[in-house]
file run.cif (mmCIF, C-alpha atoms)
data_data
#
loop_
_atom_site.label_atom_id
_atom_site.label_comp_id
_atom_site.auth_asym_id
_atom_site.auth_seq_id
_atom_site.Cartn_x
_atom_site.Cartn_y
_atom_site.Cartn_z
CA MET A 171 -102.07 -47.49 -48.04
CA PRO A 172 -103.00 -46.68 -51.65
CA PRO A 173 -101.93 -49.39 -54.12
CA ARG A 174 -99.41 -47.11 -55.87
CA ALA A 175 -97.67 -46.18 -52.59
CA SER A 176 -97.68 -49.81 -51.58
CA ARG A 177 -95.98 -50.81 -54.81
CA LEU A 178 -93.47 -48.00 -54.34
CA VAL A 179 -92.61 -49.13 -50.81
CA THR A 180 -92.29 -52.73 -51.98
CA ALA A 181 -90.00 -51.74 -54.86
CA LEU A 182 -87.89 -49.62 -52.49
CA GLY A 183 -87.61 -52.45 -49.99
CA LEU A 184 -86.65 -54.98 -52.66
CA SER A 185 -84.06 -52.52 -54.02
CA LEU A 186 -82.49 -52.14 -50.61
CA VAL A 187 -82.41 -55.90 -50.15
CA GLY A 188 -80.85 -56.23 -53.59
CA LEU A 189 -78.19 -53.62 -52.80
CA TRP A 190 -77.34 -55.36 -49.54
CA TRP A 191 -77.09 -58.71 -51.28
CA ALA A 192 -74.90 -57.29 -54.06
CA ARG A 193 -72.59 -55.74 -51.44
CA GLN A 194 -72.35 -59.07 -49.63
CA ARG A 195 -71.45 -60.78 -52.89
CA ALA A 196 -68.86 -58.15 -53.75
CA HIS A 197 -67.19 -58.39 -50.33
CA SER A 198 -67.19 -62.16 -50.46
CA LYS A 199 -64.92 -62.01 -53.52
CA VAL A 200 -61.95 -60.70 -51.49
CA PRO A 201 -59.51 -63.59 -51.35
CA SER A 202 -58.44 -65.21 -48.13
CA PRO A 203 -55.03 -64.16 -46.77
CA GLN A 204 -52.13 -65.18 -49.00
CA GLY A 205 -50.00 -66.23 -46.07
CA ARG A 206 -48.66 -65.08 -42.73
CA TRP A 207 -46.53 -61.98 -42.41
CA ARG A 208 -43.75 -62.74 -39.93
CA GLU A 209 -41.48 -60.01 -38.59
CA VAL A 210 -37.85 -60.15 -39.72
CA THR A 211 -35.89 -59.90 -36.48
CA GLU A 212 -32.84 -57.74 -35.97
CA ASP A 213 -30.77 -60.92 -35.60
CA GLU A 214 -31.78 -61.95 -39.11
CA LEU A 215 -30.69 -58.52 -40.36
CA GLY A 216 -27.34 -59.08 -38.73
CA MET B 239 -22.20 -32.83 -39.76
CA GLN B 240 -24.06 -29.69 -40.81
CA ALA B 241 -27.36 -30.51 -42.47
CA LEU B 242 -29.90 -28.39 -44.32
CA ILE B 243 -33.47 -29.72 -44.58
CA LEU B 244 -35.54 -28.42 -47.48
CA GLY B 245 -39.31 -28.53 -47.09
CA ALA B 246 -38.82 -28.68 -43.32
CA THR B 247 -42.36 -27.50 -42.52
CA GLY B 248 -44.05 -30.32 -44.46
CA ALA B 249 -45.21 -33.56 -42.81
CA ILE B 250 -42.09 -35.49 -43.86
CA GLY B 251 -39.72 -32.59 -43.24
CA ARG B 252 -41.00 -32.01 -39.71
CA THR B 253 -40.41 -35.64 -38.78
CA VAL B 254 -36.92 -35.63 -40.28
CA ALA B 255 -36.15 -32.38 -38.46
CA ALA B 256 -37.38 -33.74 -35.14
CA GLU B 257 -35.34 -36.95 -35.48
CA LEU B 258 -32.14 -35.16 -36.55
CA ALA B 259 -32.56 -32.53 -33.83
CA ARG B 260 -32.16 -35.38 -31.34
CA SER B 261 -29.29 -36.95 -33.24
CA THR B 262 -25.74 -36.63 -31.93
CA GLU B 263 -24.36 -36.97 -35.46
CA VAL B 264 -25.73 -33.54 -36.45
CA ASP B 265 -23.77 -30.55 -35.12
CA ARG B 266 -25.77 -27.90 -36.96
CA LEU B 267 -29.26 -28.14 -38.41
CA TRP B 268 -30.79 -25.59 -40.76
CA LEU B 269 -34.50 -25.77 -41.51
CA ALA B 270 -35.67 -24.28 -44.79
CA GLY B 271 -39.19 -23.66 -46.06
CA ARG B 272 -41.35 -21.05 -47.70
CA ASN B 273 -43.45 -20.11 -44.69
CA GLN B 274 -41.65 -18.06 -42.02
CA VAL B 275 -44.48 -18.49 -39.49
CA ARG B 276 -44.49 -22.28 -39.81
CA LEU B 277 -40.69 -22.34 -39.55
CA GLU B 278 -40.81 -20.35 -36.32
CA TRP B 279 -43.49 -22.70 -34.98
CA LEU B 280 -41.27 -25.67 -35.85
CA LEU B 281 -38.27 -24.10 -34.11
CA ASP B 282 -40.43 -23.53 -31.05
CA VAL B 283 -41.65 -27.14 -31.05
CA LEU B 284 -38.13 -28.51 -31.44
CA SER B 285 -36.98 -26.29 -28.57
CA GLY B 286 -33.44 -26.63 -29.75
CA ASP B 287 -30.32 -24.70 -28.96
CA PRO B 288 -30.53 -21.65 -31.28
CA SER B 289 -26.84 -21.94 -32.00
CA ARG B 290 -27.47 -25.45 -33.28
CA ILE B 291 -30.90 -25.25 -34.97
CA SER B 292 -32.08 -22.27 -37.02
CA ALA B 293 -34.61 -21.53 -39.73
CA HIS B 294 -34.35 -19.87 -43.15
CA ALA B 295 -37.36 -18.96 -45.24
CA PHE B 296 -36.82 -18.99 -49.00
CA ASP B 297 -38.50 -20.35 -52.09
CA LEU B 298 -36.63 -23.16 -53.81
CA HIS B 299 -38.17 -22.10 -57.13
CA ASP B 300 -36.11 -18.89 -56.95
CA GLY B 301 -32.87 -20.35 -58.30
CA ALA B 302 -30.64 -17.36 -57.62
CA LEU B 303 -31.85 -17.02 -54.02
CA ARG B 304 -31.61 -20.77 -53.44
CA ASP B 305 -28.03 -20.91 -54.74
CA ARG B 306 -27.06 -17.92 -52.61
CA ARG B 307 -28.53 -19.51 -49.47
CA PHE B 308 -26.69 -22.77 -50.16
CA ARG B 309 -23.40 -20.86 -50.53
CA GLU B 310 -24.01 -18.84 -47.35
CA LEU B 311 -24.90 -21.88 -45.22
CA SER B 312 -22.43 -24.27 -46.86
CA PRO B 313 -23.93 -27.48 -45.46
CA ASP B 314 -22.28 -30.90 -45.55
CA LEU B 315 -25.60 -32.55 -46.39
CA VAL B 316 -28.81 -31.29 -47.98
CA ILE B 317 -31.92 -33.35 -47.25
CA SER B 318 -34.84 -32.55 -49.51
CA CYS B 319 -38.38 -33.27 -48.36
CA ALA B 320 -39.73 -30.67 -50.80
CA GLY B 321 -41.72 -31.15 -53.95
CA PRO B 322 -42.66 -31.30 -56.71
CA ALA B 323 -39.58 -33.36 -57.53
CA ARG B 324 -40.02 -32.94 -61.26
CA GLN B 325 -39.30 -29.24 -60.93
CA LEU B 326 -36.94 -29.13 -57.95
CA GLU B 327 -34.90 -32.33 -57.75
CA LEU B 328 -32.25 -31.76 -60.42
CA PRO B 329 -31.62 -28.01 -59.92
CA CYS B 330 -31.51 -28.30 -56.13
CA ALA B 331 -29.29 -31.39 -56.19
CA ARG B 332 -26.95 -29.63 -58.62
CA ALA B 333 -26.82 -26.58 -56.35
CA ALA B 334 -25.96 -28.83 -53.40
CA VAL B 335 -23.14 -30.56 -55.29
CA GLU B 336 -21.75 -27.19 -56.39
CA VAL B 337 -21.33 -26.10 -52.77
CA GLY B 338 -19.75 -29.44 -51.84
CA ALA B 339 -22.75 -30.92 -50.06
CA SER B 340 -24.07 -34.46 -50.33
CA TRP B 341 -27.70 -34.75 -51.43
CA LEU B 342 -30.44 -36.95 -50.02
CA SER B 343 -34.07 -36.69 -51.01
CA SER B 344 -37.47 -38.33 -50.80
CA ALA B 345 -38.05 -37.64 -54.52
CA ASN B 346 -40.29 -40.21 -56.17
CA ASP B 347 -40.69 -38.80 -59.68
CA HIS B 348 -39.52 -41.14 -62.45
CA VAL B 349 -38.77 -38.28 -64.87
CA ALA B 350 -36.57 -36.51 -62.31
CA ALA B 351 -34.85 -39.83 -61.50
CA GLU B 352 -33.74 -40.23 -65.12
CA SER B 353 -32.00 -36.83 -65.08
CA ILE B 354 -30.09 -37.26 -61.80
CA PRO B 355 -27.28 -39.51 -63.20
CA ALA B 356 -26.00 -36.40 -65.02
CA LEU B 357 -24.66 -35.27 -61.63
CA ASP B 358 -22.43 -38.32 -61.22
CA ALA B 359 -19.23 -36.78 -62.56
CA PRO B 360 -19.63 -33.46 -60.66
CA ALA B 361 -20.46 -35.38 -57.46
CA VAL B 362 -17.39 -37.59 -57.81
CA ALA B 363 -15.25 -34.52 -58.48
CA ALA B 364 -16.67 -32.80 -55.39
CA GLY B 365 -16.28 -35.95 -53.28
CA VAL B 366 -19.97 -35.98 -52.33
CA THR B 367 -22.76 -38.56 -52.57
CA VAL B 368 -26.11 -37.99 -54.28
CA VAL B 369 -28.92 -40.33 -53.23
CA SER B 370 -32.10 -39.27 -54.98
CA GLY B 371 -35.15 -41.10 -53.71
CA CYS B 372 -34.55 -42.52 -50.25
CA GLY B 373 -38.01 -42.34 -48.74
CA LEU B 374 -40.55 -45.14 -48.99
CA SER B 375 -40.73 -45.72 -52.73
CA PRO B 376 -38.08 -45.35 -53.95
CA GLY B 377 -35.89 -45.89 -50.94
CA LEU B 378 -37.22 -48.48 -48.53
CA THR B 379 -38.49 -50.56 -51.45
CA ASN B 380 -35.00 -50.56 -53.04
CA LEU B 381 -33.48 -51.77 -49.79
CA LEU B 382 -36.11 -54.50 -49.41
CA VAL B 383 -35.46 -55.70 -52.96
CA ALA B 384 -31.71 -55.80 -52.27
CA LEU B 385 -32.32 -57.75 -49.05
CA ALA B 386 -34.58 -60.27 -50.80
CA ALA B 387 -32.16 -60.61 -53.73
CA ARG B 388 -29.42 -61.81 -51.36
CA GLU B 389 -31.35 -65.06 -50.92
CA LEU B 390 -31.26 -65.76 -54.66
CA ASP B 391 -28.44 -66.80 -56.95
CA GLU B 392 -30.15 -65.11 -59.88
CA VAL B 393 -32.87 -62.44 -59.85
CA GLU B 394 -35.40 -62.71 -62.68
CA GLU B 395 -38.51 -60.80 -61.65
CA ILE B 396 -39.23 -57.92 -59.29
CA GLU B 397 -42.60 -56.47 -58.36
CA VAL B 398 -42.96 -53.47 -56.09
CA ALA B 399 -46.30 -52.35 -54.68
CA THR B 400 -47.20 -49.58 -52.28
CA THR B 401 -50.44 -48.50 -50.71
CA ARG B 402 -51.56 -45.72 -48.46
CA SER B 403 -54.75 -44.79 -46.72
CA ALA B 404 -56.62 -41.73 -47.97
CA ARG B 405 -56.85 -40.77 -44.29
CA ASP B 406 -53.11 -41.13 -43.67
CA PRO B 407 -51.84 -37.56 -43.70
CA ALA B 408 -48.48 -37.25 -45.44
CA GLY B 409 -48.50 -33.82 -46.90
CA GLN B 410 -49.46 -32.18 -50.11
CA ALA B 411 -46.28 -32.96 -52.04
CA ALA B 412 -46.83 -36.71 -51.55
CA LEU B 413 -50.40 -36.50 -52.77
CA ALA B 414 -49.49 -34.38 -55.79
CA GLN B 415 -46.76 -36.88 -56.66
CA LEU B 416 -49.20 -39.81 -56.35
CA LEU B 417 -51.47 -38.13 -58.86
CA ILE B 418 -48.57 -37.42 -61.22
CA GLY B 419 -47.40 -41.04 -60.92
CA LEU B 420 -50.82 -42.29 -61.97
CA SER B 421 -51.14 -39.89 -64.90
CA GLY B 422 -49.88 -41.07 -68.24
CA PRO B 423 -48.26 -44.39 -69.17
CA ALA B 424 -46.50 -46.51 -66.58
CA PRO B 425 -43.04 -47.79 -67.62
CA SER B 426 -42.22 -51.38 -66.75
CA ILE B 427 -40.18 -54.37 -67.91
CA ALA B 428 -41.99 -57.36 -69.43
CA ASP B 429 -40.36 -60.31 -71.20
CA GLY B 430 -37.05 -58.54 -70.76
CA ARG B 431 -38.15 -55.44 -72.71
CA ARG B 432 -39.05 -51.98 -71.49
CA ILE B 433 -42.71 -51.20 -72.21
CA SER B 434 -45.30 -48.63 -71.20
CA GLU B 435 -48.43 -49.94 -69.55
CA PRO B 436 -51.55 -47.81 -70.02
CA GLY B 437 -51.56 -46.41 -66.49
CA PRO B 438 -54.27 -46.93 -63.88
CA LYS B 439 -56.59 -49.17 -65.87
CA ALA B 440 -56.05 -52.87 -65.13
CA SER B 441 -56.23 -53.61 -61.41
CA HIS B 442 -54.28 -56.19 -59.48
CA LEU B 443 -54.96 -57.29 -55.91
CA VAL B 444 -51.90 -57.22 -53.65
CA TYR B 445 -51.75 -58.69 -50.14
CA PHE B 446 -49.91 -56.23 -47.91
CA PRO B 447 -48.79 -56.80 -44.31
CA GLU B 448 -51.61 -56.78 -41.79
CA PRO B 449 -53.62 -54.85 -40.80
CA VAL B 450 -53.74 -53.48 -44.37
CA GLY B 451 -54.38 -56.82 -46.16
CA TRP B 452 -55.71 -56.95 -49.71
CA VAL B 453 -55.63 -53.72 -51.74
CA GLU B 454 -56.49 -53.12 -55.38
CA THR B 455 -53.43 -51.64 -57.08
CA PHE B 456 -52.72 -50.12 -60.46
CA ALA B 457 -49.63 -49.68 -62.62
CA GLY B 458 -47.91 -46.36 -62.10
CA ALA B 459 -44.61 -44.64 -62.75
CA SER B 460 -41.84 -44.66 -60.18
CA PRO B 461 -38.02 -44.34 -60.21
CA GLU B 462 -37.50 -48.01 -59.23
CA ILE B 463 -38.08 -48.88 -62.90
CA THR B 464 -34.84 -47.00 -63.67
CA THR B 465 -32.74 -47.67 -60.57
CA LEU B 466 -33.45 -51.39 -60.11
CA VAL B 467 -32.76 -52.11 -63.78
CA SER B 468 -29.28 -50.60 -63.49
CA ARG B 469 -28.59 -52.93 -60.56
CA TRP B 470 -30.13 -56.05 -62.16
CA PRO B 471 -29.96 -55.46 -65.93
CA GLY B 472 -31.18 -58.91 -66.99
CA LEU B 473 -34.63 -58.68 -65.42
CA ARG B 474 -37.45 -60.47 -67.18
CA LEU B 475 -40.13 -58.55 -65.30
CA LEU B 476 -40.18 -55.31 -63.30
CA ARG B 477 -43.40 -53.70 -62.29
CA TRP B 478 -44.45 -50.94 -59.86
CA ARG B 479 -48.00 -50.63 -58.55
CA VAL B 480 -49.84 -48.31 -56.21
CA GLY B 481 -53.28 -48.16 -54.64
CA LEU B 482 -55.29 -46.50 -51.91
CA VAL B 483 -56.65 -48.72 -49.16
CA GLU B 484 -60.09 -47.14 -49.64
CA LYS B 485 -61.34 -48.38 -53.02
CA PRO B 486 -63.82 -45.53 -53.69
CA ALA B 487 -61.09 -42.97 -53.00
CA MET B 488 -58.78 -44.79 -55.41
CA ASP B 489 -61.50 -44.83 -58.07
CA ALA B 490 -61.89 -41.06 -57.64
CA LEU B 491 -58.13 -40.54 -57.84
CA ARG B 492 -57.91 -42.61 -61.03
CA LEU B 493 -60.69 -40.51 -62.51
CA LEU B 494 -58.76 -37.37 -61.62
CA ALA B 495 -55.51 -38.85 -62.95
CA GLY B 496 -57.16 -39.59 -66.28
CA GLY B 497 -57.94 -35.93 -66.93
CA PRO B 498 -55.75 -33.54 -68.97
CA TRP B 499 -55.18 -31.37 -65.89
CA ALA B 500 -53.54 -34.13 -63.85
CA THR B 501 -49.94 -33.60 -64.89
CA ARG B 502 -50.31 -29.92 -64.13
CA PHE B 503 -51.70 -30.67 -60.68
CA ALA B 504 -48.35 -30.07 -59.06
CA ASN B 505 -48.50 -26.50 -60.31
CA TRP B 506 -51.85 -25.82 -58.72
CA GLY B 507 -50.14 -25.05 -55.48
CA PRO B 508 -50.59 -26.17 -51.86
CA ALA B 509 -54.24 -25.03 -51.71
CA ALA B 510 -55.32 -27.53 -54.38
CA SER B 511 -53.32 -30.35 -52.80
CA ARG B 512 -54.77 -29.54 -49.39
CA ALA B 513 -58.31 -29.54 -50.81
CA LEU B 514 -57.76 -32.91 -52.47
CA GLN B 515 -56.21 -34.36 -49.30
CA GLN B 516 -59.20 -33.18 -47.26
CA ALA B 517 -61.66 -34.58 -49.81
CA LEU B 518 -59.94 -37.95 -49.80
CA SER B 519 -59.67 -38.06 -46.01
CA THR B 520 -63.45 -37.72 -45.64
CA TRP B 521 -63.93 -41.07 -47.35
CA PRO B 522 -65.24 -43.60 -44.84
CA SER B 523 -62.75 -46.32 -44.19
CA ALA B 524 -63.46 -49.76 -42.87
CA GLY B 525 -59.91 -50.18 -41.69
CA PRO B 526 -57.05 -48.32 -40.00
CA ALA B 527 -55.21 -45.45 -41.67
CA TRP B 528 -52.02 -47.36 -42.41
CA SER B 529 -49.74 -47.37 -45.42
CA ALA B 530 -47.62 -50.28 -46.61
CA ALA B 531 -45.18 -51.53 -49.20
CA ARG B 532 -44.43 -54.97 -50.51
CA VAL B 533 -41.69 -56.30 -52.78
CA ASP B 534 -41.71 -59.68 -54.51
CA VAL B 535 -38.38 -60.90 -55.85
CA ARG B 536 -38.35 -64.10 -57.86
CA GLY B 537 -35.46 -66.01 -59.32
CA GLN B 538 -33.29 -69.06 -58.82
CA ALA B 539 -31.64 -70.35 -55.66
CA GLY B 540 -29.69 -73.61 -55.70
CA GLY B 541 -31.00 -74.37 -59.18
CA ARG B 542 -34.64 -74.16 -58.10
CA PRO B 543 -37.18 -71.36 -58.53
CA ARG B 544 -37.60 -69.28 -55.40
CA SER B 545 -39.71 -66.30 -54.42
CA VAL B 546 -39.08 -63.90 -51.55
CA SER B 547 -41.74 -61.40 -50.42
CA LEU B 548 -40.93 -58.66 -47.92
CA GLY B 549 -43.13 -55.85 -46.66
CA VAL B 550 -43.49 -52.96 -44.24
CA VAL B 551 -46.51 -51.28 -42.70
CA ASP B 552 -46.73 -48.02 -40.74
CA HIS B 553 -47.97 -44.48 -41.23
CA LEU B 554 -46.72 -42.98 -44.48
CA VAL B 555 -44.83 -40.20 -42.73
CA ASN B 556 -42.74 -42.78 -40.81
CA LEU B 557 -42.20 -44.99 -43.86
CA THR B 558 -40.86 -41.96 -45.76
CA ALA B 559 -39.07 -39.96 -43.07
CA LEU B 560 -37.30 -42.70 -41.11
CA PRO B 561 -35.32 -44.08 -44.08
CA LEU B 562 -34.19 -40.50 -44.79
CA VAL B 563 -33.06 -40.08 -41.19
CA ALA B 564 -31.19 -43.40 -41.15
CA ALA B 565 -29.55 -42.57 -44.50
CA ALA B 566 -28.56 -39.11 -43.26
CA THR B 567 -26.74 -40.58 -40.27
CA GLU B 568 -24.94 -43.03 -42.59
CA LEU B 569 -23.88 -40.16 -44.86
CA ALA B 570 -22.73 -38.23 -41.78
CA ALA B 571 -20.44 -41.13 -40.87
CA GLY B 572 -18.78 -40.78 -44.29
CA ARG B 573 -19.19 -44.44 -45.22
CA THR B 574 -20.59 -43.83 -48.72
CA GLU B 575 -18.82 -43.68 -52.07
CA PRO B 576 -18.94 -40.35 -53.93
CA GLY B 577 -21.17 -40.03 -56.97
CA VAL B 578 -24.82 -40.67 -57.77
CA ARG B 579 -25.95 -43.81 -55.97
CA ALA B 580 -29.26 -45.64 -55.69
CA PRO B 581 -30.15 -46.40 -52.05
CA GLU B 582 -29.26 -50.10 -52.31
CA ARG B 583 -25.84 -49.18 -53.72
CA ALA B 584 -25.12 -46.25 -51.40
CA PHE B 585 -25.85 -48.13 -48.19
CA GLU B 586 -25.46 -51.66 -46.89
CA PRO B 587 -29.13 -52.81 -47.00
CA LYS B 588 -29.11 -54.98 -43.86
CA SER B 589 -27.37 -52.32 -41.82
CA LEU B 590 -29.65 -49.50 -42.95
CA LEU B 591 -32.79 -51.61 -42.53
CA ALA B 592 -31.66 -52.51 -39.01
CA ARG B 593 -31.21 -48.79 -38.26
CA ILE B 594 -34.68 -48.08 -39.64
CA GLY B 595 -36.07 -50.97 -37.61
CA ARG B 596 -34.61 -49.55 -34.40
CA ARG B 597 -36.57 -46.37 -35.14
CA GLY B 598 -39.80 -48.37 -35.27
CA VAL B 599 -40.38 -49.50 -38.87
CA ARG B 600 -40.19 -53.29 -38.90
CA ILE B 601 -39.82 -55.52 -41.91
CA ALA B 602 -42.05 -58.55 -42.42
CA ARG B 603 -41.61 -61.63 -44.55
CA LEU B 604 -44.57 -63.37 -46.18
CA GLU B 605 -44.74 -67.06 -45.41
CA PRO B 606 -47.30 -68.34 -47.93
CA TYR B 607 -49.92 -70.83 -46.91
CA LEU B 608 -49.31 -74.14 -48.60
CA VAL B 609 -52.40 -75.18 -50.56
#

call {"tool": "encode", "arguments": {"input": "run.cif", "output": "structure tokens"}}
result
Amino acid sequence: MPPRASRLVTALGLSLVGLWWARQRAHSKVPSPQGRWREVTEDELG
Amino acid sequence: MQALILGATGAIGRTVAAELARSTEVDRLWLAGRNQVRLEWLLDVLSGDPSRISAHAFDLHDGALRDRRFRELSPDLVISCAGPARQLELPCARAAVEVGASWLSSANDHVAAESIPALDAPAVAAGVTVVSGCGLSPGLTNLLVALAARELDEVEEIEVATTRSARDPAGQAALAQLLIGLSGPAPSIADGRRISEPGPKASHLVYFPEPVGWVETFAGASPEITTLVSRWPGLRLLRWRVGLVEKPAMDALRLLAGGPWATRFANWGPAASRALQQALSTWPSAGPAWSAARVDVRGQAGGRPRSVSLGVVDHLVNLTALPLVAAATELAAGRTEPGVRAPERAFEPKSLLARIGRRGVRIARLEPYLV
């Protein structure tokens, strides 16, 4: 592979890895659940 | 009871029509819409007794025709699932009161909500009840706030948040209204004073009932800012927020809401709304196409600070239509006071929420994890 094409492929690969990593970081910032949602029964509603 | 449903061919209207067609409290049901073909299709689907269910095609924007139809039909109750509320709510509600019919609507426009109290005196004189905004928000959210407030001695802060999926079909009127609600400043109460927040700029993550979970929400305009304040005038904080489950779709909607054309979107007609709905529904979603609402009510109970969080999750059409159906049956029973009433004042919250629950929309309470 010519050197220029090789550099292009390497840059593309590193970009894709970087995008994946950034996405992982972004998704990891979603907080954990705030609590448990429990159904209010009809008895509780009277 | 003889009921007239406006906007009967829309997503919400069809559901309300189907539920009331099965109801024993409705003796006569009239379905109104603009499109004769869709009305006939709806009649065919409902397969009802023609002497009990019939259709009438007319445009609500034609005031003279609308008033004439109301006089000819002379319903006991008019249920509006039509939009845009900013243009139709007040004139149609007034027309209903003038023919001696109670009014019930899914209107969620804050400007329209501020004009409805003008009908109080005529409604009292006519002996009818006007409940403007009894869908999801306002409507179900008002009832949830009232239910949560019962656990407190004093209510100090209320936050209301709703979310929907871009892939959750709920009709063009709902989408147009979402865009209008995000356009322009968002009224709220902060430090006991009414302010205007700058609209969909600062985001706030809200944890909705599963399977929806965390959604990025933005300040918007909704009638609860008016109706809840009249019920609890000493509030320190009152805020309403909305978001789409799919973040990229919400970013696109905020971009659209920020443009000068946004407030005129409702006038673009059903074709524009349909195009926007289709564009939003193509957005890939990692999760299910559910919609949800959550209310947080904070205050004092037994001298100690207390917070109550209640929520609902279902498809938007159910969250909007089923409260209307339950409210309609309550109005049919004649248990409401005449005049203009917010949902939490017109109906007993526990009773109405139980009725809604029996139709499939269940309420959930957030039990926070102790950390």

call {"tool": "atom_distance", "arguments": {"input": "run.cif", "atom1": "atom CA of Val480 of chain B", "atom2": "atom CA of Arg593 of chain B"}}
result
25.9 Å

call {"tool": "resolve_selection", "arguments": {"input": "run.cif", "expression": "the PyMOL selection byres ((chain A) within 6 of (chain B))", "output": "compact mmCIF listing (two decimals) with C-alpha atoms, in the frame of the given file"}}
result
# COMPACT_ATOMS: atom_id res chain seq x y z
CA GLN A 204 -52.13 -65.18 -49.00
CA GLY A 205 -50.00 -66.23 -46.07
CA ARG A 206 -48.66 -65.08 -42.73
CA TRP A 207 -46.53 -61.98 -42.41
CA ARG A 208 -43.75 -62.74 -39.93
CA GLU A 209 -41.48 -60.01 -38.59
CA VAL A 210 -37.85 -60.15 -39.72
CA LEU A 215 -30.69 -58.52 -40.36

call {"tool": "atom_distance", "arguments": {"input": "run.cif", "atom1": "atom CA of Gly598 of chain B", "atom2": "atom CA of Ala270 of chain B"}}
result
26.2 Å

call {"tool": "resolve_selection", "arguments": {"input": "run.cif", "expression": "the PyMOL selection byres ((chain B and resi 362) around 12)", "output": "list of chain:residue names"}}
result
B:Val335, B:Glu336, B:Gly338, B:Ala339, B:Ser340, B:Pro355, B:Ala356, B:Leu357, B:Asp358, B:Ala359, B:Pro360, B:Ala361, B:Ala363, B:Ala364, B:Gly365, B:Val366, B:Thr367, B:Val368, B:Thr574, B:Glu575, B:Pro576, B:Gly577, B:Val578, B:Arg579

call {"tool": "residues_around", "arguments": {"input": "run.cif", "residues": "Gly540 of chain B", "least_positions_apart": "6", "cutoff": "12 Å", "atoms": "only C-alpha atoms", "output": "list in words"}}
result
Glu389, Leu390, Asp391 and Glu392 of chain B

call {"tool": "residues_around", "arguments": {"input": "run.cif", "residues": "segment 305-314 of chain B", "least_positions_apart": "6", "cutoff": "12 Å", "atoms": "all atoms listed in the file", "output": "JSON, numbers by chain"}}
result
{"B": [239, 240, 241, 242, 243, 244, 263, 264, 265, 266, 267, 268, 269, 270, 271, 292, 293, 294, 295, 296, 297, 298, 299, 329, 330, 331, 332, 333, 334, 335, 336, 337, 338, 339, 340, 341, 342, 364, 365, 366, 367, 368, 566, 567, 569, 570, 571, 572]}

call {"tool": "write_last_selection", "arguments": {"input": "run.cif", "atoms": "C-alpha atoms", "output": "mmCIF file, keeping the file's coordinate frame"}}
result
data_model
loop_
_atom_site.group_PDB
_atom_site.id
_atom_site.type_symbol
_atom_site.label_atom_id
_atom_site.label_comp_id
_atom_site.auth_asym_id
_atom_site.auth_seq_id
_atom_site.Cartn_x
_atom_site.Cartn_y
_atom_site.Cartn_z
ATOM 1 C CA MET B 239 -22.200 -32.830 -39.760
ATOM 2 C CA GLN B 240 -24.060 -29.690 -40.810
ATOM 3 C CA ALA B 241 -27.360 -30.510 -42.470
ATOM 4 C CA LEU B 242 -29.900 -28.390 -44.320
ATOM 5 C CA ILE B 243 -33.470 -29.720 -44.580
ATOM 6 C CA LEU B 244 -35.540 -28.420 -47.480
ATOM 7 C CA GLU B 263 -24.360 -36.970 -35.460
ATOM 8 C CA VAL B 264 -25.730 -33.540 -36.450
ATOM 9 C CA ASP B 265 -23.770 -30.550 -35.120
ATOM 10 C CA ARG B 266 -25.770 -27.900 -36.960
ATOM 11 C CA LEU B 267 -29.260 -28.140 -38.410
ATOM 12 C CA TRP B 268 -30.790 -25.590 -40.760
ATOM 13 C CA LEU B 269 -34.500 -25.770 -41.510
ATOM 14 C CA ALA B 270 -35.670 -24.280 -44.790
ATOM 15 C CA GLY B 271 -39.190 -23.660 -46.060
ATOM 16 C CA SER B 292 -32.080 -22.270 -37.020
ATOM 17 C CA ALA B 293 -34.610 -21.530 -39.730
ATOM 18 C CA HIS B 294 -34.350 -19.870 -43.150
ATOM 19 C CA ALA B 295 -37.360 -18.960 -45.240
ATOM 20 C CA PHE B 296 -36.820 -18.990 -49.000
ATOM 21 C CA ASP B 297 -38.500 -20.350 -52.090
ATOM 22 C CA LEU B 298 -36.630 -23.160 -53.810
ATOM 23 C CA HIS B 299 -38.170 -22.100 -57.130
ATOM 24 C CA PRO B 329 -31.620 -28.010 -59.920
ATOM 25 C CA CYS B 330 -31.510 -28.300 -56.130
ATOM 26 C CA ALA B 331 -29.290 -31.390 -56.190
ATOM 27 C CA ARG B 332 -26.950 -29.630 -58.620
ATOM 28 C CA ALA B 333 -26.820 -26.580 -56.350
ATOM 29 C CA ALA B 334 -25.960 -28.830 -53.400
ATOM 30 C CA VAL B 335 -23.140 -30.560 -55.290
ATOM 31 C CA GLU B 336 -21.750 -27.190 -56.390
ATOM 32 C CA VAL B 337 -21.330 -26.100 -52.770
ATOM 33 C CA GLY B 338 -19.750 -29.440 -51.840
ATOM 34 C CA ALA B 339 -22.750 -30.920 -50.060
ATOM 35 C CA SER B 340 -24.070 -34.460 -50.330
ATOM 36 C CA TRP B 341 -27.700 -34.750 -51.430
ATOM 37 C CA LEU B 342 -30.440 -36.950 -50.020
ATOM 38 C CA ALA B 364 -16.670 -32.800 -55.390
ATOM 39 C CA GLY B 365 -16.280 -35.950 -53.280
ATOM 40 C CA VAL B 366 -19.970 -35.980 -52.330
ATOM 41 C CA THR B 367 -22.760 -38.560 -52.570
ATOM 42 C CA VAL B 368 -26.110 -37.990 -54.280
ATOM 43 C CA ALA B 566 -28.560 -39.110 -43.260
ATOM 44 C CA THR B 567 -26.740 -40.580 -40.270
ATOM 45 C CA LEU B 569 -23.880 -40.160 -44.860
ATOM 46 C CA ALA B 570 -22.730 -38.230 -41.780
ATOM 47 C CA ALA B 571 -20.440 -41.130 -40.870
ATOM 48 C CA GLY B 572 -18.780 -40.780 -44.290
#

call {"tool": "resolve_selection", "arguments": {"input": "run.cif", "expression": "the PyMOL selection byres ((chain B and resi 247) around 8)", "output": "list in words"}}
result
Gly245, Ala246, Gly248, Ala249, Gly251, Arg252, Ala270, Gly271, Asn273, Arg276, Leu277 and Leu280 of chain B
